[in-house]
Structures are given as structure tokens and as C-alpha cells.
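Note: the block below is start.tsv and it holds TSV, C-alpha atoms.
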chain	number	residue	atom	x	y	z
A	1	MET	CA	-21.20	-15.81	68.19
A	2	ILE	CA	-19.46	-18.63	66.30
A	3	ILE	CA	-22.54	-19.20	64.14
A	4	LYS	CA	-22.69	-15.48	63.37
A	5	ASN	CA	-19.01	-15.46	62.39
A	6	LEU	CA	-19.43	-18.50	60.18
A	7	LEU	CA	-22.47	-16.98	58.49
A	8	PHE	CA	-20.56	-13.78	57.81
A	9	LEU	CA	-17.61	-15.73	56.46
A	10	PHE	CA	-19.90	-17.84	54.27
A	11	LEU	CA	-21.54	-14.76	52.77
A	12	LEU	CA	-18.20	-13.09	52.18
A	13	VAL	CA	-16.75	-16.16	50.56
A	14	ALA	CA	-19.87	-16.58	48.42
A	15	ILE	CA	-19.67	-13.00	47.18
A	16	ILE	CA	-15.95	-13.08	46.48
A	17	SER	CA	-16.10	-16.56	44.99
A	18	ASN	CA	-18.69	-15.42	42.53
A	19	LYS	CA	-16.37	-12.61	41.53
A	20	ALA	CA	-13.32	-14.83	41.61
A	21	LEU	CA	-14.87	-17.43	39.38
A	22	ALA	CA	-15.99	-14.79	36.88
A	23	CYS	CA	-14.19	-14.73	33.59
A	24	LEU	CA	-13.77	-12.27	30.75
A	25	SER	CA	-12.39	-12.97	27.33
A	26	ILE	CA	-11.57	-11.16	24.11
A	27	THR	CA	-10.55	-13.12	21.05
A	28	ASP	CA	-10.34	-12.32	17.38
A	29	ASP	CA	-12.55	-13.88	14.73
A	30	PHE	CA	-10.30	-16.94	14.74
A	31	ASN	CA	-10.63	-17.28	18.53
A	32	ASN	CA	-7.07	-16.20	19.25
A	33	PRO	CA	-6.91	-14.55	22.68
A	34	ASN	CA	-5.69	-10.99	23.26
A	35	PRO	CA	-5.50	-10.39	19.51
A	36	VAL	CA	-3.53	-7.75	17.69
A	37	ILE	CA	-5.54	-6.76	14.62
A	38	ASN	CA	-3.78	-4.48	12.18
A	39	ALA	CA	-5.75	-1.76	10.42
A	40	ASN	CA	-3.72	-0.69	7.42
A	41	PHE	CA	-4.64	2.07	5.02
A	42	ARG	CA	-2.47	2.64	1.99
A	43	PHE	CA	-3.96	4.93	-0.59
A	44	GLU	CA	-3.60	7.69	-3.09
A	45	PRO	CA	-6.21	10.44	-3.08
A	46	ASP	CA	-8.57	10.12	-6.01
A	47	ILE	CA	-11.74	11.65	-7.37
A	48	SER	CA	-13.71	8.47	-6.83
A	49	PRO	CA	-14.17	6.01	-5.29
A	50	PHE	CA	-13.02	8.27	-2.54
A	51	THR	CA	-13.33	6.20	0.62
A	52	ASP	CA	-11.05	3.54	1.94
A	53	CYS	CA	-12.48	1.28	4.64
A	54	TRP	CA	-11.23	-1.38	7.03
A	55	THR	CA	-13.29	-3.78	9.11
A	56	GLY	CA	-12.12	-5.72	12.16
A	57	THR	CA	-13.96	-7.94	14.62
A	58	ILE	CA	-13.46	-9.19	18.13
A	59	LYS	CA	-15.43	-11.70	20.18
A	60	VAL	CA	-16.35	-10.94	23.77
A	61	ARG	CA	-17.23	-13.54	26.38
A	62	SER	CA	-18.17	-12.90	29.98
A	63	SER	CA	-19.52	-15.10	32.73
A	64	GLN	CA	-20.74	-12.07	34.64
A	65	ASN	CA	-23.84	-10.06	33.97
A	66	GLY	CA	-21.99	-6.82	34.38
A	67	TRP	CA	-19.01	-6.05	32.14
A	68	ARG	CA	-17.63	-3.18	30.14
A	69	LEU	CA	-15.59	-2.77	27.01
A	70	ILE	CA	-13.42	0.29	27.20
A	71	ALA	CA	-10.99	1.69	24.63
A	72	THR	CA	-7.92	3.86	24.64
A	73	ARG	CA	-6.45	5.53	21.57
A	74	THR	CA	-3.09	6.95	20.61
A	75	GLY	CA	-2.47	8.82	17.32
A	76	PRO	CA	-2.63	8.78	14.43
A	77	THR	CA	0.70	10.56	14.54
A	78	ALA	CA	2.53	11.68	11.43
A	79	SER	CA	6.00	10.23	11.17
A	80	ASN	CA	7.30	11.74	7.92
A	81	ALA	CA	4.53	13.91	6.53
A	82	GLU	CA	5.41	17.26	5.03
A	83	GLY	CA	3.23	20.33	4.96
A	84	ASP	CA	0.90	22.23	7.23
A	85	PRO	CA	0.26	19.99	10.27
A	86	SER	CA	-3.44	20.92	10.10
A	87	ASP	CA	-3.51	18.93	6.85
A	88	ASN	CA	-2.23	15.76	8.51
A	89	VAL	CA	-4.61	12.83	8.87
A	90	MET	CA	-6.31	13.19	12.23
A	91	ALA	CA	-8.51	10.92	14.31
A	92	SER	CA	-11.51	13.06	13.41
A	93	ASP	CA	-10.91	12.27	9.71
A	94	ILE	CA	-11.56	8.58	10.27
A	95	THR	CA	-15.20	7.59	10.58
A	96	LEU	CA	-16.00	4.84	13.05
A	97	ASP	CA	-18.96	2.45	13.07
A	98	PHE	CA	-19.47	-0.15	15.77
A	99	SER	CA	-21.95	-2.97	15.61
A	100	VAL	CA	-22.65	-5.83	18.03
A	101	GLN	CA	-24.12	-9.22	17.22
A	102	ASN	CA	-25.02	-11.95	19.68
A	103	PHE	CA	-24.19	-15.57	18.99
A	104	GLY	CA	-25.28	-18.78	20.70
A	105	MET	CA	-27.00	-18.21	24.02
A	106	ALA	CA	-25.81	-14.63	24.41
A	107	ASP	CA	-28.76	-12.33	25.06
A	108	SER	CA	-29.48	-10.08	22.09
A	109	ASN	CA	-29.97	-7.15	24.45
A	110	GLY	CA	-27.07	-7.96	26.72
A	111	ALA	CA	-24.44	-5.71	25.10
A	112	ILE	CA	-25.31	-2.08	24.54
A	113	LEU	CA	-23.23	0.38	22.55
A	114	VAL	CA	-22.79	3.53	24.56
A	115	SER	CA	-23.27	6.96	22.95
A	116	PRO	CA	-21.67	8.21	20.70
A	117	PHE	CA	-20.80	4.70	19.51
A	118	SER	CA	-24.45	3.79	19.08
A	119	SER	CA	-24.29	5.50	15.69
A	120	GLN	CA	-21.57	6.55	13.29
A	121	THR	CA	-18.92	8.68	14.90
A	122	ASN	CA	-15.22	9.22	14.32
A	123	LEU	CA	-12.06	7.92	15.87
A	124	SER	CA	-11.59	11.02	18.00
A	125	SER	CA	-14.50	9.78	20.14
A	126	ILE	CA	-12.10	7.21	21.57
A	127	GLN	CA	-9.74	8.81	24.04
A	128	TYR	CA	-8.43	7.31	27.28
A	129	GLY	CA	-10.51	4.57	28.90
A	130	THR	CA	-13.54	5.50	26.84
A	131	PHE	CA	-16.64	3.48	27.64
A	132	VAL	CA	-17.73	1.71	24.44
A	133	ILE	CA	-20.03	-1.16	25.39
A	134	SER	CA	-22.08	-1.71	28.49
A	135	GLY	CA	-22.55	-5.41	29.10
A	136	VAL	CA	-25.63	-6.25	31.15
A	137	SER	CA	-25.82	-9.94	30.46
A	138	LYS	CA	-23.32	-12.76	30.55
A	139	THR	CA	-22.62	-14.78	27.43
A	140	SER	CA	-22.41	-18.09	29.32
A	141	ASN	CA	-20.55	-19.57	32.29
A	142	SER	CA	-17.46	-20.21	30.21
A	143	CYS	CA	-14.99	-17.92	28.52
A	144	SER	CA	-13.19	-20.63	26.64
A	145	SER	CA	-12.13	-19.40	23.21
A	146	SER	CA	-14.07	-22.27	21.66
A	147	ASN	CA	-17.27	-21.42	23.50
A	148	PRO	CA	-19.98	-20.67	20.92
A	149	ASN	CA	-21.73	-18.10	23.10
A	150	TYR	CA	-20.29	-14.66	22.53
A	151	TYR	CA	-20.83	-11.14	21.30
A	152	LYS	CA	-19.15	-10.21	18.06
A	153	VAL	CA	-18.07	-6.59	18.03
A	154	THR	CA	-17.37	-5.22	14.58
A	155	LYS	CA	-15.62	-1.94	13.99
A	156	ARG	CA	-15.45	-0.29	10.62
A	157	LEU	CA	-13.04	2.53	9.95
A	158	CYS	CA	-13.30	4.66	6.83
A	159	LEU	CA	-11.07	7.40	5.55
A	160	PHE	CA	-11.90	9.82	2.76
A	161	ARG	CA	-9.14	9.90	0.18
A	162	ASP	CA	-8.94	13.63	0.45
A	163	PHE	CA	-6.38	15.56	-1.57
A	164	VAL	CA	-5.77	17.83	1.40
A	165	PHE	CA	-3.87	15.20	3.39
A	166	ASN	CA	-0.14	15.58	3.51
A	167	PRO	CA	1.57	12.57	1.94
A	168	GLY	CA	3.35	10.49	4.54
A	169	SER	CA	2.91	7.80	7.18
A	170	TYR	CA	0.62	8.04	10.15
A	171	GLU	CA	0.54	5.58	13.02
A	172	GLY	CA	-1.89	5.09	15.83
A	173	GLN	CA	-3.36	2.42	18.02
A	174	VAL	CA	-6.61	1.58	19.74
A	175	SER	CA	-6.55	-0.77	22.73
A	176	TYR	CA	-9.72	-2.47	23.91
A	177	ILE	CA	-9.99	-3.82	27.44
A	178	LEU	CA	-12.77	-5.85	28.96
A	179	ILE	CA	-13.38	-5.08	32.62
A	180	ASN	CA	-15.71	-5.67	35.50
A	181	PRO	CA	-17.37	-2.40	36.44
B	182	MET	CA	-10.45	-15.77	68.14
B	183	GLN	CA	-7.45	-14.04	66.58
B	184	ILE	CA	-6.46	-17.22	64.77
B	185	LYS	CA	-9.95	-17.42	63.26
B	186	LEU	CA	-9.76	-13.83	62.09
B	187	PHE	CA	-6.35	-14.51	60.58
B	188	ILE	CA	-7.74	-17.52	58.70
B	189	HIS	CA	-10.65	-15.44	57.45
B	190	ILE	CA	-8.38	-12.72	56.14
B	191	ALA	CA	-5.98	-15.24	54.59
B	192	LEU	CA	-8.86	-16.91	52.79
B	193	ILE	CA	-10.14	-13.63	51.44
B	194	ILE	CA	-6.66	-12.64	50.19
B	195	LEU	CA	-6.29	-16.04	48.55
B	196	LEU	CA	-9.56	-15.62	46.70
B	197	LEU	CA	-8.65	-12.12	45.58
B	198	ILE	CA	-5.32	-13.37	44.28
B	199	ALA	CA	-7.10	-16.17	42.43
B	200	GLU	CA	-9.50	-13.77	40.70
B	201	PRO	CA	-7.29	-12.54	37.85
B	202	LEU	CA	-6.39	-16.10	36.96
B	203	LYS	CA	-9.94	-16.67	35.84
B	204	SER	CA	-9.82	-13.93	33.22
B	205	PHE	CA	-8.61	-15.72	30.15
B	206	SER	CA	-7.97	-12.73	27.92
B	207	GLN	CA	-9.09	-9.22	28.31
B	208	SER	CA	-7.59	-7.08	25.63
B	209	ALA	CA	-7.48	-6.48	21.90
B	210	THR	CA	-5.07	-4.12	20.20
B	211	VAL	CA	-5.67	-2.45	16.87
B	212	PRO	CA	-2.56	-0.75	15.47
B	213	ILE	CA	-3.61	1.72	12.80
B	214	ASN	CA	-1.18	2.45	10.00
B	215	ILE	CA	-2.04	4.97	7.30
B	216	ASN	CA	0.10	5.68	4.28
B	217	VAL	CA	-0.93	8.61	2.12
B	218	ASN	CA	0.87	8.52	-1.20
B	219	GLY	CA	1.34	11.44	-3.55
B	220	THR	CA	-0.89	11.62	-6.58
B	221	LEU	CA	-1.66	13.76	-9.63
B	222	THR	CA	-4.97	13.72	-11.45
B	223	ILE	CA	-6.44	15.52	-14.45
B	224	SER	CA	-10.14	15.34	-15.22
B	225	ASP	CA	-12.53	16.88	-17.71
B	226	ALA	CA	-14.12	19.98	-16.17
B	227	LEU	CA	-17.44	18.92	-17.71
B	228	ASN	CA	-17.12	15.34	-16.46
B	229	ASP	CA	-15.34	15.75	-13.17
B	230	ALA	CA	-15.57	12.12	-12.07
B	231	SER	CA	-13.66	8.92	-12.35
B	232	SER	CA	-14.93	8.42	-15.89
B	233	GLY	CA	-13.65	11.87	-16.84
B	234	LYS	CA	-10.04	11.28	-15.84
B	235	ASN	CA	-7.26	11.62	-18.41
B	236	PRO	CA	-9.77	13.08	-20.87
B	237	THR	CA	-9.55	13.55	-24.60
B	238	LEU	CA	-11.19	16.90	-25.35
B	239	ASN	CA	-11.87	17.72	-28.96
B	240	VAL	CA	-11.84	21.31	-30.11
B	241	ASN	CA	-13.35	21.77	-33.56
B	242	LEU	CA	-13.11	25.18	-35.18
B	243	SER	CA	-15.11	25.45	-38.39
B	244	ILE	CA	-14.66	28.66	-40.31
B	245	THR	CA	-16.25	30.21	-43.38
B	246	PRO	CA	-14.59	33.45	-44.36
B	247	ASP	CA	-16.93	36.42	-44.65
B	248	LEU	CA	-16.79	40.16	-44.29
B	249	GLY	CA	-16.95	41.08	-40.63
B	250	ALA	CA	-17.11	37.45	-39.53
B	251	ALA	CA	-16.24	36.82	-35.91
B	252	ALA	CA	-13.49	34.49	-34.77
B	253	ALA	CA	-14.34	30.85	-34.32
B	254	SER	CA	-13.40	29.57	-30.91
B	255	GLY	CA	-13.53	26.46	-28.77
B	256	GLN	CA	-12.61	25.53	-25.23
B	257	ALA	CA	-10.96	22.61	-23.49
B	258	ASN	CA	-11.15	22.89	-19.72
B	259	PHE	CA	-9.73	20.49	-17.23
B	260	ARG	CA	-9.24	20.16	-13.51
B	261	ILE	CA	-6.07	19.36	-11.66
B	262	ARG	CA	-5.89	17.75	-8.23
B	263	THR	CA	-2.72	16.84	-6.44
B	264	ASN	CA	-1.48	16.51	-2.88
B	265	ARG	CA	2.10	17.09	-3.97
B	266	SER	CA	3.70	20.38	-3.08
B	267	THR	CA	5.60	20.75	-6.35
B	268	TRP	CA	4.17	19.92	-9.74
B	269	LYS	CA	3.88	21.33	-13.22
B	270	LEU	CA	1.61	21.14	-16.21
B	271	THR	CA	3.43	20.73	-19.49
B	272	ALA	CA	2.16	20.74	-23.05
B	273	GLN	CA	3.40	19.39	-26.34
B	274	ARG	CA	1.60	19.04	-29.64
B	275	THR	CA	1.94	16.86	-32.66
B	276	ALA	CA	3.03	18.19	-36.04
B	277	GLU	CA	-0.04	19.47	-37.80
B	278	THR	CA	-1.76	17.65	-40.62
B	279	ASP	CA	-3.20	19.78	-43.38
B	280	THR	CA	-5.39	18.35	-46.12
B	281	GLY	CA	-5.87	21.64	-47.98
B	282	PRO	CA	-3.41	22.92	-47.78
B	283	THR	CA	-5.40	25.45	-45.82
B	284	ASN	CA	-2.54	27.89	-45.40
B	285	ILE	CA	-3.28	27.85	-41.64
B	286	GLN	CA	-0.27	27.97	-39.37
B	287	ALA	CA	-0.16	27.38	-35.62
B	288	SER	CA	0.55	31.04	-35.10
B	289	ASP	CA	-2.84	31.87	-36.67
B	290	ILE	CA	-4.62	30.23	-33.75
B	291	SER	CA	-4.72	32.32	-30.64
B	292	LEU	CA	-4.49	30.59	-27.29
B	293	LEU	CA	-5.74	31.98	-24.00
B	294	VAL	CA	-5.00	29.99	-20.84
B	295	THR	CA	-6.73	30.98	-17.60
B	296	THR	CA	-6.99	29.35	-14.20
B	297	PHE	CA	-9.28	29.34	-11.23
B	298	ALA	CA	-10.03	27.11	-8.24
B	299	GLY	CA	-13.01	25.43	-6.64
B	300	SER	CA	-14.28	26.56	-3.26
B	301	ASN	CA	-11.92	24.16	-1.46
B	302	GLY	CA	-9.16	24.55	-4.03
B	303	ASN	CA	-6.14	26.79	-3.83
B	304	ALA	CA	-6.19	29.44	-6.58
B	305	MET	CA	-2.54	30.17	-5.78
B	306	ALA	CA	-1.45	26.53	-6.11
B	307	GLY	CA	-0.19	27.10	-9.65
B	308	THR	CA	1.12	30.01	-11.73
B	309	LEU	CA	0.94	30.40	-15.48
B	310	VAL	CA	4.34	30.42	-17.10
B	311	ALA	CA	5.22	32.97	-19.82
B	312	PRO	CA	4.07	33.21	-22.57
B	313	PHE	CA	0.92	31.48	-21.35
B	314	ASN	CA	0.30	34.13	-18.70
B	315	THR	CA	-1.22	36.28	-21.41
B	316	SER	CA	-2.91	35.67	-24.74
B	317	THR	CA	-0.52	33.85	-27.04
B	318	GLN	CA	-0.58	31.59	-30.09
B	319	LEU	CA	-0.76	27.86	-30.49
B	320	SER	CA	2.76	27.98	-31.87
B	321	SER	CA	3.94	28.62	-28.28
B	322	ILE	CA	3.31	24.94	-27.71
B	323	SER	CA	6.22	23.15	-29.30
B	324	THR	CA	5.96	20.07	-31.47
B	325	THR	CA	9.40	18.85	-30.44
B	326	ALA	CA	9.55	19.14	-26.62
B	327	PRO	CA	7.20	19.70	-23.68
B	328	VAL	CA	6.82	23.31	-22.55
B	329	ASP	CA	5.79	24.39	-19.08
B	330	VAL	CA	2.33	25.91	-18.92
B	331	VAL	CA	1.68	25.99	-15.17
B	332	THR	CA	4.15	25.73	-12.32
B	333	GLY	CA	2.63	24.33	-9.14
B	334	THR	CA	4.06	25.31	-5.78
B	335	SER	CA	1.59	23.73	-3.39
B	336	LYS	CA	-1.12	21.12	-3.19
B	337	THR	CA	-4.33	22.07	-4.97
B	338	SER	CA	-6.56	21.55	-1.94
B	339	ILE	CA	-6.84	23.96	0.99
B	340	ALA	CA	-9.57	22.31	3.03
B	341	ARG	CA	-11.05	18.91	3.74
B	342	ASP	CA	-13.57	17.98	1.08
B	343	SER	CA	-15.32	14.74	1.86
B	344	THR	CA	-16.43	14.26	-1.76
B	345	ASN	CA	-13.37	15.71	-3.51
B	346	GLY	CA	-15.90	17.80	-5.40
B	347	ASN	CA	-14.64	21.34	-4.91
B	348	ASN	CA	-10.94	20.99	-4.22
B	349	TYR	CA	-9.70	21.42	-7.77
B	350	PHE	CA	-7.41	23.81	-9.61
B	351	GLN	CA	-8.93	24.42	-13.04
B	352	VAL	CA	-7.12	25.24	-16.25
B	353	ASN	CA	-9.18	26.66	-19.12
B	354	THR	CA	-7.76	26.76	-22.61
B	355	LEU	CA	-9.48	28.81	-25.32
B	356	TYR	CA	-8.52	28.43	-28.98
B	357	SER	CA	-9.63	30.98	-31.60
B	358	ILE	CA	-9.06	31.64	-35.27
B	359	LEU	CA	-10.22	34.50	-37.50
B	360	PRO	CA	-11.92	33.37	-40.73
B	361	ASP	CA	-9.47	34.98	-43.10
B	362	PHE	CA	-10.05	34.74	-46.89
B	363	PHE	CA	-6.39	33.81	-47.10
B	364	PHE	CA	-7.27	30.36	-45.81
B	365	GLN	CA	-8.19	27.73	-48.36
B	366	PRO	CA	-10.78	24.96	-47.87
B	367	GLY	CA	-9.46	21.92	-46.11
B	368	THR	CA	-8.80	20.51	-42.67
B	369	TRP	CA	-5.94	21.46	-40.42
B	370	ALA	CA	-5.37	19.44	-37.28
B	371	THR	CA	-2.99	19.02	-34.38
B	372	THR	CA	-3.20	17.23	-31.03
B	373	ILE	CA	-2.01	18.87	-27.84
B	374	THR	CA	-1.11	16.68	-24.89
B	375	TYR	CA	-1.11	18.23	-21.44
B	376	ASN	CA	0.84	16.32	-18.83
B	377	LEU	CA	0.78	16.78	-15.08
B	378	VAL	CA	4.15	15.87	-13.63
B	379	SER	CA	5.88	16.10	-10.29
B	380	PRO	CA	9.53	17.09	-10.66
Any chance you could put this one into C-alpha cells?
Amino acid sequence: MIIKNLLFLFLLVAIISNKALACLSITDDFNNPNPVINANFRFEPDISPFTDCWTGTIKVRSSQNGWRLIATRTGPTASNAEGDPSDNVMASDITLDFSVQNFGMADSNGAILVSPFSSQTNLSSIQYGTFVISGVSKTSNSCSSSNPNYYKVTKRLCLFRDFVFNPGSYEGQVSYILINP
Amino acid sequence: MQIKLFIHIALIILLLIAEPLKSFSQSATVPININVNGTLTISDALNDASSGKNPTLNVNLSITPDLGAAAASGQANFRIRTNRSTWKLTAQRTAETDTGPTNIQASDISLLVTTFAGSNGNAMAGTLVAPFNTSTQLSSISTTAPVDVVTGTSKTSIARDSTNGNNYFQVNTLYSILPDFFFQPGTWATTITYNLVSP
């Protein structure tokens, strides 16, 4: 009976320890943790060139084979735009391209962009807790911000400088969270 | 037995509490800030691209008087795009030069201004101001002060146009002169400047 209890306890501790020792990390390109990366667009509509783009990157590290990157969006919300609200800049007006690169020992097939993020989409595809990347492979056993094994996630936002947009300011935010499934 | 169970549970709780401590950082935040500024553009209707902005459009009218000769005419057409809700197109011309003298006067040149819009443009965005709302003469454009040609009351675009190709408000200007025998050989010239302004 005692041996059985000890075995059970050992298994339980082993399972939970594995989970407890797991780590997850998001840093920016300069390895700063929990980064805030501003995407600023300031433009006047014009005939051409008529797109304005912004690119931002984050680094993901996980010591577990299973992980997920999820995203939540608010806005863009007009703060002082005048005109028909249907002519305000909307999330669907902003194209969104994700790409993932592996560095160091991170498996090249270990991070998979989930549809519709596997090809170009727009910002409206991100809503609340939207599943963006399915991680099926760990990057290494360490999540230290200096660890050279990581996935670099690049997001590129582009906005057409359309004359239909109401002049004004629009603010929004996308939050990315790394979780264990 | 109960003590053992208590220890087991305590150990499990301890490990669960320890778990979040191992996650170094788990979030990234991307604030998105977009500022759309007001703008006004004029382009050549025949070169509706970046290279055709702020165009210089030459209108050359060459006349040889003859019995029953038709009027000589030439066009200068341009496209207006703006996201401003109030705007106007003004015109002013330089004092004419005359190497003849040709005896031509500005009032001898008829001027017809018409407008239309692209498929994503708003045909009602601007209204022709009298006397340009009907056929008039070049003398209606003053040499001393800008005159209003079009009054704009809304942005020129009515729908999203991902190439900005069809969201224009076009202004066509047609200049004509009859080849009257009263005119003497020579060259008569003036330059009209159209300005798009937001009051």
C-alpha cells in the first residue's frame, strides 16, 4: 500500500514538475521581455506610393513542446475623425502578414501559423484570444532572454493611403500572449 | 495516513504555485496609432500618377482664318482628390503677351468647364461656380485675383479604392477660338493657374 502511494506520488510529482519547470518567454528584437512595440502610421493620402507599412518582431522561447501564441485586439477606434463613420479606418483596412523564422536549435517545423494567418489577411482576423501560432516543439530548455534558440515572429501591417478615410486619429492595440495549451 | 495525504496535497499545491514563476515573460503589446492627415492633390487626367501631379498642361490654339473655318479648340483636363470635406478650386491667369498684336482679347476665347467623377469618386463633391457653370469666356478668369471655379463640399472619394485609381473628381476645361479675319498674325499667350485650396 505504501509502495503504491509512493509510486502514485512520484508520478504526480514528475508530471507536475515537468509542467512547473516549463518556461515561456516573449521578448522584442533587443531581447527585452514583455515588450511594448508601437506601430505608428502617420500619412496623407496620395496617388502613389499608396501603401504605408510597419514591421515589428517578437522572439518566442518555450521549454515545452506544446505552446500557443494567442492575440487579442482592440480598435482601431477613431478619436477625433469627422465624417461618415463607415469611412473611418477599420481593422479590415489594415493588411496583416505573419512570418516565423527559427533560430539556433529551434525546430524549423516547430511553430506553425494557424489559418488565416498562414497567408496574408487583415487585422480584423485578430479578435479576442485568437489562436495565431501553434507551437509543437520547444526552442530549448531555457527561456533566458539571451538564449540563442528562439522563433522570431514578424508581423507586417500595411495600410492603403486611401482618400476615403476620414482625417483624424485612430488608436488600437494588439496583445500577444504565450500560453500552455 | 491522513498526515501523508496532507503532505501530498501540500506538495502538489506548492508545485502549482511555483509554476508561474518559471514563465519569464509571456506577453507582447502592440499599440497601433494611425493619423490620417488632410490632403489635396491635382493630377493630369492623361497622366494620373505621381509623375503627373501638379501638372503643366499646354493648350495651343493655332488658327488660320478662312471662310467657314471651324473654331480651334484645346483641352486641359485634371483630376482632383482630397479627403477634406471643404475645398475649392480657384483660377487666376497672367496678363497676356501679344507679339502681333493679334487683336485677340481674352473675351474672344470661349471657356467651357465640365466635371465628372471616377467610379469610386463623388460626382457631387464639387459644384461649378457661376459663370463657370455654363459656357463663358477666358476673361472670366481674372488676371488680378483668384476666382472660384469649383466649390467642394465633401471629400472626392465615396468608396475604398485600394489603388486610388478611380476615386477622382475630374475637371475638364475646353478653350476655343473662332478664326476671325479680324485677327492679325502673331502669338497671343496667357498662363492660367488652378489652385486647390482648403478654406
Within 8 Å of chain B, which residues of chain A are there when counting all atoms listed in the file? Please give them as a short mmCIF file (atom, residue, chain, number, x, y, z; two decimals) with C-alpha atoms, keeping the file's coordinate frame.
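Result written to part_35.cif:
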data_model
loop_
_atom_site.label_atom_id
_atom_site.label_comp_id
_atom_site.auth_asym_id
_atom_site.auth_seq_id
_atom_site.Cartn_x
_atom_site.Cartn_y
_atom_site.Cartn_z
CA LEU A 9 -17.61 -15.73 56.46
CA VAL A 13 -16.75 -16.16 50.56
CA ILE A 16 -15.95 -13.08 46.48
CA SER A 17 -16.10 -16.56 44.99
CA LYS A 19 -16.37 -12.61 41.53
CA ALA A 20 -13.32 -14.83 41.61
CA LEU A 21 -14.87 -17.43 39.38
CA ALA A 22 -15.99 -14.79 36.88
CA CYS A 23 -14.19 -14.73 33.59
CA LEU A 24 -13.77 -12.27 30.75
CA SER A 25 -12.39 -12.97 27.33
CA ILE A 26 -11.57 -11.16 24.11
CA THR A 27 -10.55 -13.12 21.05
CA ASP A 28 -10.34 -12.32 17.38
CA PRO A 33 -6.91 -14.55 22.68
CA ASN A 34 -5.69 -10.99 23.26
CA PRO A 35 -5.50 -10.39 19.51
CA VAL A 36 -3.53 -7.75 17.69
CA ILE A 37 -5.54 -6.76 14.62
CA ASN A 38 -3.78 -4.48 12.18
CA ALA A 39 -5.75 -1.76 10.42
CA ASN A 40 -3.72 -0.69 7.42
CA PHE A 41 -4.64 2.07 5.02
CA ARG A 42 -2.47 2.64 1.99
CA PHE A 43 -3.96 4.93 -0.59
CA GLU A 44 -3.60 7.69 -3.09
CA PRO A 45 -6.21 10.44 -3.08
CA ASP A 46 -8.57 10.12 -6.01
CA ILE A 47 -11.74 11.65 -7.37
CA SER A 48 -13.71 8.47 -6.83
CA PRO A 49 -14.17 6.01 -5.29
CA PHE A 50 -13.02 8.27 -2.54
CA ILE A 58 -13.46 -9.19 18.13
CA PRO A 76 -2.63 8.78 14.43
CA ASP A 87 -3.51 18.93 6.85
CA CYS A 143 -14.99 -17.92 28.52
CA SER A 144 -13.19 -20.63 26.64
CA PHE A 160 -11.90 9.82 2.76
CA ASP A 162 -8.94 13.63 0.45
CA PHE A 163 -6.38 15.56 -1.57
CA VAL A 164 -5.77 17.83 1.40
CA PHE A 165 -3.87 15.20 3.39
CA ASN A 166 -0.14 15.58 3.51
CA PRO A 167 1.57 12.57 1.94
CA GLY A 168 3.35 10.49 4.54
CA SER A 169 2.91 7.80 7.18
CA TYR A 170 0.62 8.04 10.15
CA GLU A 171 0.54 5.58 13.02
CA GLY A 172 -1.89 5.09 15.83
CA GLN A 173 -3.36 2.42 18.02
CA VAL A 174 -6.61 1.58 19.74
CA SER A 175 -6.55 -0.77 22.73
CA TYR A 176 -9.72 -2.47 23.91
CA ILE A 177 -9.99 -3.82 27.44
CA LEU A 178 -12.77 -5.85 28.96
CA ILE A 179 -13.38 -5.08 32.62
#
Any idea what the distance is between CA of Ser63 (chain A) and CA of Val100 (chain A)? 17.7 Å
Test item: residues at most 9 Å from Ala370 (chain B), all atoms listed in the file, excluding those fewer than 6 positions along its chain, as a PyMOL selection string: chain B and resi 276-280
So that I have them on file, write out the residues from the current selection with C-alpha atoms, as an mmCIF file, in the coordinates of the input.
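Once written, result_18.cif looks like this:
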data_model
loop_
_atom_site.group_PDB
_atom_site.id
_atom_site.type_symbol
_atom_site.label_atom_id
_atom_site.label_comp_id
_atom_site.auth_asym_id
_atom_site.auth_seq_id
_atom_site.Cartn_x
_atom_site.Cartn_y
_atom_site.Cartn_z
ATOM 1 C CA ALA B 276 3.030 18.190 -36.040
ATOM 2 C CA GLU B 277 -0.040 19.470 -37.800
ATOM 3 C CA THR B 278 -1.760 17.650 -40.620
ATOM 4 C CA ASP B 279 -3.200 19.780 -43.380
ATOM 5 C CA THR B 280 -5.390 18.350 -46.120
#
Need to verify the contact set: Ser134 (chain A), 10 Å, only C-alpha atoms, exclusion of same-chain residues closer than 2 positions in sequence. Can you return it as a list of chain:residue names? A:Gly66, A:Trp67, A:Arg68, A:Leu69, A:Ile70, A:Gly110, A:Ala111, A:Ile112, A:Leu113, A:Val114, A:Phe131, A:Val132, A:Val136, A:Ser137, A:Pro181
Hey, can you check how far CA of Asn353 (chain B) sits from CA of Thr368 (chain B)?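 That distance, rounded to one decimal, is 24.3 Å.
Comparing the minimum interatomic distances between Thr74 (chain A) and each of A:Val89, A:Val60, A:Leu123, A:Ile133, counting only C-alpha atoms, we find that A:Leu123 sits nearest.
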Atom pair CA of Ala304 (chain B) / CA of Asn239 (chain B): separation (Å):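 Going from CA of Ala304 (chain B) over to CA of Asn239 (chain B), I get 25.9 Å.
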Would you please work out which residue, of A:Ala71, A:Trp54, A:Lys152, A:Asn180, is nearest to Ile94 (chain A) when using all atoms listed in the file?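 Of the candidates, the smallest distance to Ile94 (chain A) is held by A:Trp54.
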Please provide the set of residues having any atom within 8 Å of region 247-257 of chain B, restricted to all atoms listed in the file, with same-chain residues fewer than 5 positions apart removed, written as a ChimeraX atom specification. /B:238-242,353-362
